[in-house]
There are 2 protein chains.
Amino acid sequence: MTNRQIVVAELPKGALTPDHFTLSEIAMPEPAEGEVLLRTILMSIDAANRSWLQGATYRDAVHAGDPMPTYAICEVIDSRSPRLAKGDIVAAESSWSTYVTRPAHKCQKMPDVKPLQHLLSVYGIAGKTAFHGLITVGRPVTGETVLVSAAAGSVGSLVGQIAKALGCRVVGIAGGAEKCAWVTRELGFDACVDYREPGLGKALRAACPDGVDVYFDNVGGPVLEAALFAMNTRGRVVCCGAVSQYDSTAPSGPRNLPGLVVVKRLRMEGFIVMDFAQDDAKAVRALQTWVSNGQIKVFEDVVEGLENAPAALIGLLAGENRGKRMVRVGPDP
Amino acid sequence: MTNRQIVVAELPKGALTPDHFTLSEIAMPEPAEGEVLLRTILMSIDAANRSWLQGATYRDAVHAGDPMPTYAICEVIDSRSPRLAKGDIVAAESSWSTYVTRPAHKCQKMPDVKPLQHLLSVYGIAGKTAFHGLITVGRPVTGETVLVSAAAGSVGSLVGQIAKALGCRVVGIAGGAEKCAWVTRELGFDACVDYREPGLGKALRAACPDGVDVYFDNVGGPVLEAALFAMNTRGRVVCCGAVSQYDSTAPSGPRNLPGLVVVKRLRMEGFIVMDFAQDDAKAVRALQTWVSNGQIKVFEDVVEGLENAPAALIGLLAGENRGKRMVRVGPDP
């Protein structure tokens with residue numbers, strides 16, 4: 001058994017490139033008392049990974065020389081803890097590595113879900129983020145208009161489908177005509193606006209004739225600025241991410257803020273999925289219901305091989321994925 | 001009796017100047033059936049007046065040639081409605097004029113408050129704005145830190161005193177050392193930071209060693225950006241105004257937004273005082289309690305003479321007032 005690991009060679013200043021990472025073979029780790037040895041099966045690839053390289057966020061800063069952190073689904077292949085047994089499937093804060101050791105109490109034993117990929121998509125952080133952000137923070141009501149940026153992404157694709165299941169008019173924002181067509185055709189959104197085309201504000205007004213009641217923002221920047229103009233009085237802006245800003249050395253704030261927030265009495269509210277962990281079981285039950293009755297279609301975008309993780313993340317930041325992107329490091333058991 | 005009126009001669013593009021207004025003598029208006037003739041006693045001067053000249057906000061746009069709108073305290077001197085009698089004191093949406101006619105049903109009869117000035121300050125829009133914004137939107141808890149910009153202004157001076165009455169640590173932001181000293185000495189704030197000095201972020205950190213839980217924002221722009229860095233997790237930003245942006249031809253948005261809103265799980269929420277009209281009686285009762293027990297000191301900044309209204313507004317936008325600014329057009333009855 002050989003162990004491979006990808007390290008952050010250098011912190012990015014501007015756009016992330018493959019040169020910011022190094023792949024190497026390292027020694028097989030040995031679990032200490034209370035630890036488990038994990039085989040990585042799937043690693044979640046998220047826009048938030050990029051923000052971790054900008055300094056401390058809701059988690060510690062990553063430094064040059066550190067293994068790249070990740071959220072992963074793993075198999076326990078050796079255990080020195082009574083909490084977990086060989087063969088258990090767990091989710092863990094891990095790193096871009098084939099094998100890692102972790103304290104058993106920091107691993108979360110997963111229920112029996114097949115395929116395991118769903119533990120990173122609809123029943124994982126993406127699904128829970130979409131559910132908690134839309135339902136608890138955005139509070140849409142049947143008949144309202146919900147606007148979602150990064151609509152083809154892991155979270156956005158689920159936000160829109162949940163909003164449709166709740167009886168809302170759903171409009172996406174995505175990059176490129178082909179992707180917008182996919183969002184309406186495959187995800188069932190009522191409309192999707194291409195933010196790369198000129199005239200975003202006009203396009204949003206046309207796509208949202210009754211204005212926007214809930215804007216689920218994954219991107220920040222100029223798209224947020226355009227969306228604020230389209231908001232209705234007492235609209236809610238769910239602040240989930242700012243992917244347009246992560247690669248930027250000159251971030252720009254929405255110039256209509258706070259003016260429009262006052263005039264339109266908007267509520268903008270940020271959240272992190274972990275804040276709502278006490279309601280995760282409720283979220284998963286609702287998501288299972290929508291999946292089983294066909295109201296949510298699950299799209300997964302699986303990149304094969306640990307060595308392709310840097311390219312998978314860089315491509316995600318460029319918007320090449322459809323649905324939840326992940327890297328498969330090894331086979332399901 | 002002669003009637004005088006100030007008209008908006010031209011809409012400002014950048015900074016407001018006296019040239020944007022013209023004073024003229026006009027005919028004495030005659031009330032129609034259902035109307036009253038009003039003698040203007042006091043006119044409220046507010047930063048929001050400037051925003052009305054930028055286009056439609058929460059009220060109709062003002063056009064060149066229109067009398068400058070204002071909120072005023074007036075005496076009914078002739079009535080053609082059973083709703084109001086000669087001698088009644090009313091509040092009305094009026095204009096910068098010595099005499100106006102208004103539909104009686106659009107005038108709000110005022111309770112017997114002396115001096116009448118208090119109807120524009122602590123028991124008027126300023127006091128209600130401070131109360132509803134801080135209590136209902138900001139929801140401070142005893143022991144939390146409340147930060148207030150435009151701290152010497154009509155609303156800010158009351159927000160801080162209310163927060164002190166609730167047992168919060170209160171920090172102001174104001175322009176100039178002299179004004180900051182007035183805020184701590186006269187209003188009793190725990191500290192006040194001069195935003196005109198370099199190093200605002202550092203000064204805020206020093207003045208708020210436990211971080212900021214509620215930021216009551218009257219100004220927007222770079223001060224909002226600096227305040228966002230000082231916010232605690234789950235902090236609340238009460239969006240009341242954006243006075244730093246009203247005179248600007250190149251508004252700037254906070255560059256740390258929405259990134260910090262996500263990471264810190266902030267709630268930013270805008271409001272307009274009229275949204276909470278159903279709770280105005282509650283607000284006034286609370287304010288009366290604090291005034292009578294000395295926890296709120298009322299500061300009023302009265303400019304004499306209708307002809308000085310443009311200078312009063314221009315000076316307010318430059319920050320020259322202490323407490324609630326108003327123009328006295330005629331004597332109390």
# chains A, B, ... in the order shown; residues from 1 in each chain; ligands from 1
>>> interface_residues(of="chain B", to="chain A", cutoff="10 Å", atoms="only C-alpha atoms", output="MDAnalysis selection string")
chainID B and resid 51 56:59 137 217:221 224:225 233:234 236:243 245:246 250:272 275
>>> residues_around(residues="A:Ser248", least_positions_apart="6", cutoff="9 Å", atoms="only C-alpha atoms", output="NGL selection string")
:A and (13-15)
>>> select_by_dssp(residues="stretch 96-241 of chain B", states="alpha helix (DSSP H)", output="PyMOL selection string")
chain B and resi 125-131+154-165+177-187+200-207+221-230
>>> closest_residue(among="B:Ala312, B:Ala318, B:Ala165, B:Met231", to="B:Leu287", atoms="only C-alpha atoms")
B:Ala165
>>> decode(residues="stretch 153-252 of chain B", atoms="C-alpha atoms", output="mmCIF file, in the first residue's frame")
data_model
loop_
_atom_site.group_PDB
_atom_site.id
_atom_site.type_symbol
_atom_site.label_atom_id
_atom_site.label_comp_id
_atom_site.auth_asym_id
_atom_site.auth_seq_id
_atom_site.Cartn_x
_atom_site.Cartn_y
_atom_site.Cartn_z
ATOM 1 C CA GLY B 153 -27.037 63.166 14.756
ATOM 2 C CA SER B 154 -30.749 63.129 15.475
ATOM 3 C CA VAL B 155 -31.155 59.359 15.300
ATOM 4 C CA GLY B 156 -27.672 58.286 16.365
ATOM 5 C CA SER B 157 -27.724 60.394 19.525
ATOM 6 C CA LEU B 158 -30.929 58.628 20.597
ATOM 7 C CA VAL B 159 -29.866 55.122 19.495
ATOM 8 C CA GLY B 160 -26.832 55.342 21.740
ATOM 9 C CA GLN B 161 -28.751 56.638 24.731
ATOM 10 C CA ILE B 162 -31.408 53.918 24.340
ATOM 11 C CA ALA B 163 -28.690 51.263 24.112
ATOM 12 C CA LYS B 164 -27.079 52.664 27.286
ATOM 13 C CA ALA B 165 -30.472 52.528 29.021
ATOM 14 C CA LEU B 166 -30.660 48.850 28.029
ATOM 15 C CA GLY B 167 -27.276 48.163 29.618
ATOM 16 C CA CYS B 168 -25.143 47.851 26.498
ATOM 17 C CA ARG B 169 -21.626 49.113 25.905
ATOM 18 C CA VAL B 170 -22.112 51.942 23.406
ATOM 19 C CA VAL B 171 -19.528 53.229 20.950
ATOM 20 C CA GLY B 172 -20.169 56.097 18.547
ATOM 21 C CA ILE B 173 -18.608 57.091 15.236
ATOM 22 C CA ALA B 174 -18.583 60.815 14.403
ATOM 23 C CA GLY B 175 -16.558 63.338 12.427
ATOM 24 C CA GLY B 176 -13.980 65.405 14.308
ATOM 25 C CA ALA B 177 -12.456 65.346 17.762
ATOM 26 C CA GLU B 178 -14.742 68.044 19.118
ATOM 27 C CA LYS B 179 -17.886 66.190 18.085
ATOM 28 C CA CYS B 180 -16.572 62.900 19.448
ATOM 29 C CA ALA B 181 -15.872 64.583 22.780
ATOM 30 C CA TRP B 182 -19.436 65.930 22.802
ATOM 31 C CA VAL B 183 -20.809 62.410 22.167
ATOM 32 C CA THR B 184 -19.048 60.892 25.156
ATOM 33 C CA ARG B 185 -19.440 63.917 27.473
ATOM 34 C CA GLU B 186 -23.024 64.970 26.747
ATOM 35 C CA LEU B 187 -24.614 61.769 25.443
ATOM 36 C CA GLY B 188 -22.765 59.412 27.793
ATOM 37 C CA PHE B 189 -21.420 57.000 25.155
ATOM 38 C CA ASP B 190 -18.586 54.785 26.431
ATOM 39 C CA ALA B 191 -16.354 55.822 23.538
ATOM 40 C CA CYS B 192 -16.522 57.664 20.223
ATOM 41 C CA VAL B 193 -14.252 57.133 17.218
ATOM 42 C CA ASP B 194 -13.396 59.906 14.742
ATOM 43 C CA TYR B 195 -13.873 58.476 11.237
ATOM 44 C CA ARG B 196 -11.893 61.345 9.697
ATOM 45 C CA GLU B 197 -8.696 60.167 11.391
ATOM 46 C CA PRO B 198 -6.641 57.467 9.628
ATOM 47 C CA GLY B 199 -6.822 53.934 11.012
ATOM 48 C CA LEU B 200 -10.569 53.627 11.561
ATOM 49 C CA GLY B 201 -10.411 49.825 11.721
ATOM 50 C CA LYS B 202 -7.762 49.857 14.427
ATOM 51 C CA ALA B 203 -9.613 52.545 16.384
ATOM 52 C CA LEU B 204 -12.822 50.489 16.259
ATOM 53 C CA ARG B 205 -11.018 47.402 17.531
ATOM 54 C CA ALA B 206 -9.575 49.428 20.405
ATOM 55 C CA ALA B 207 -12.941 50.981 21.283
ATOM 56 C CA CYS B 208 -14.782 47.647 21.023
ATOM 57 C CA PRO B 209 -12.511 45.109 22.749
ATOM 58 C CA ASP B 210 -15.300 42.492 22.766
ATOM 59 C CA GLY B 211 -16.280 43.160 19.128
ATOM 60 C CA VAL B 212 -19.533 44.653 17.874
ATOM 61 C CA ASP B 213 -22.865 42.847 18.252
ATOM 62 C CA VAL B 214 -25.146 45.504 16.761
ATOM 63 C CA TYR B 215 -24.019 48.168 14.290
ATOM 64 C CA PHE B 216 -26.618 50.868 13.661
ATOM 65 C CA ASP B 217 -25.545 52.233 10.274
ATOM 66 C CA ASN B 218 -26.599 55.705 9.214
ATOM 67 C CA VAL B 219 -23.817 56.300 6.708
ATOM 68 C CA GLY B 220 -22.823 53.319 4.510
ATOM 69 C CA GLY B 221 -19.598 53.530 2.474
ATOM 70 C CA PRO B 222 -16.138 53.104 3.995
ATOM 71 C CA VAL B 223 -17.417 53.386 7.583
ATOM 72 C CA LEU B 224 -19.752 50.430 6.988
ATOM 73 C CA GLU B 225 -16.843 48.515 5.479
ATOM 74 C CA ALA B 226 -14.711 49.158 8.561
ATOM 75 C CA ALA B 227 -17.560 48.268 10.904
ATOM 76 C CA LEU B 228 -18.127 44.910 9.159
ATOM 77 C CA PHE B 229 -14.590 43.874 10.083
ATOM 78 C CA ALA B 230 -15.347 44.632 13.738
ATOM 79 C CA MET B 231 -18.583 42.614 13.881
ATOM 80 C CA ASN B 232 -18.927 39.529 16.022
ATOM 81 C CA THR B 233 -20.341 36.258 14.725
ATOM 82 C CA ARG B 234 -24.132 36.586 14.355
ATOM 83 C CA GLY B 235 -23.894 40.352 14.617
ATOM 84 C CA ARG B 236 -26.694 42.505 13.288
ATOM 85 C CA VAL B 237 -26.298 45.525 11.018
ATOM 86 C CA VAL B 238 -29.288 47.861 11.189
ATOM 87 C CA CYS B 239 -29.394 49.650 7.820
ATOM 88 C CA CYS B 240 -31.026 53.003 8.536
ATOM 89 C CA GLY B 241 -29.365 55.323 6.036
ATOM 90 C CA ALA B 242 -26.430 55.886 3.713
ATOM 91 C CA VAL B 243 -25.650 59.546 4.202
ATOM 92 C CA SER B 244 -22.064 59.145 2.959
ATOM 93 C CA GLN B 245 -23.448 58.115 -0.440
ATOM 94 C CA TYR B 246 -26.188 60.707 -1.037
ATOM 95 C CA ASP B 247 -23.884 63.441 -2.291
ATOM 96 C CA SER B 248 -21.675 61.018 -4.184
ATOM 97 C CA THR B 249 -21.465 60.563 -7.935
ATOM 98 C CA ALA B 250 -19.251 57.469 -7.531
ATOM 99 C CA PRO B 251 -20.766 55.425 -4.716
ATOM 100 C CA SER B 252 -18.579 52.654 -3.326
#
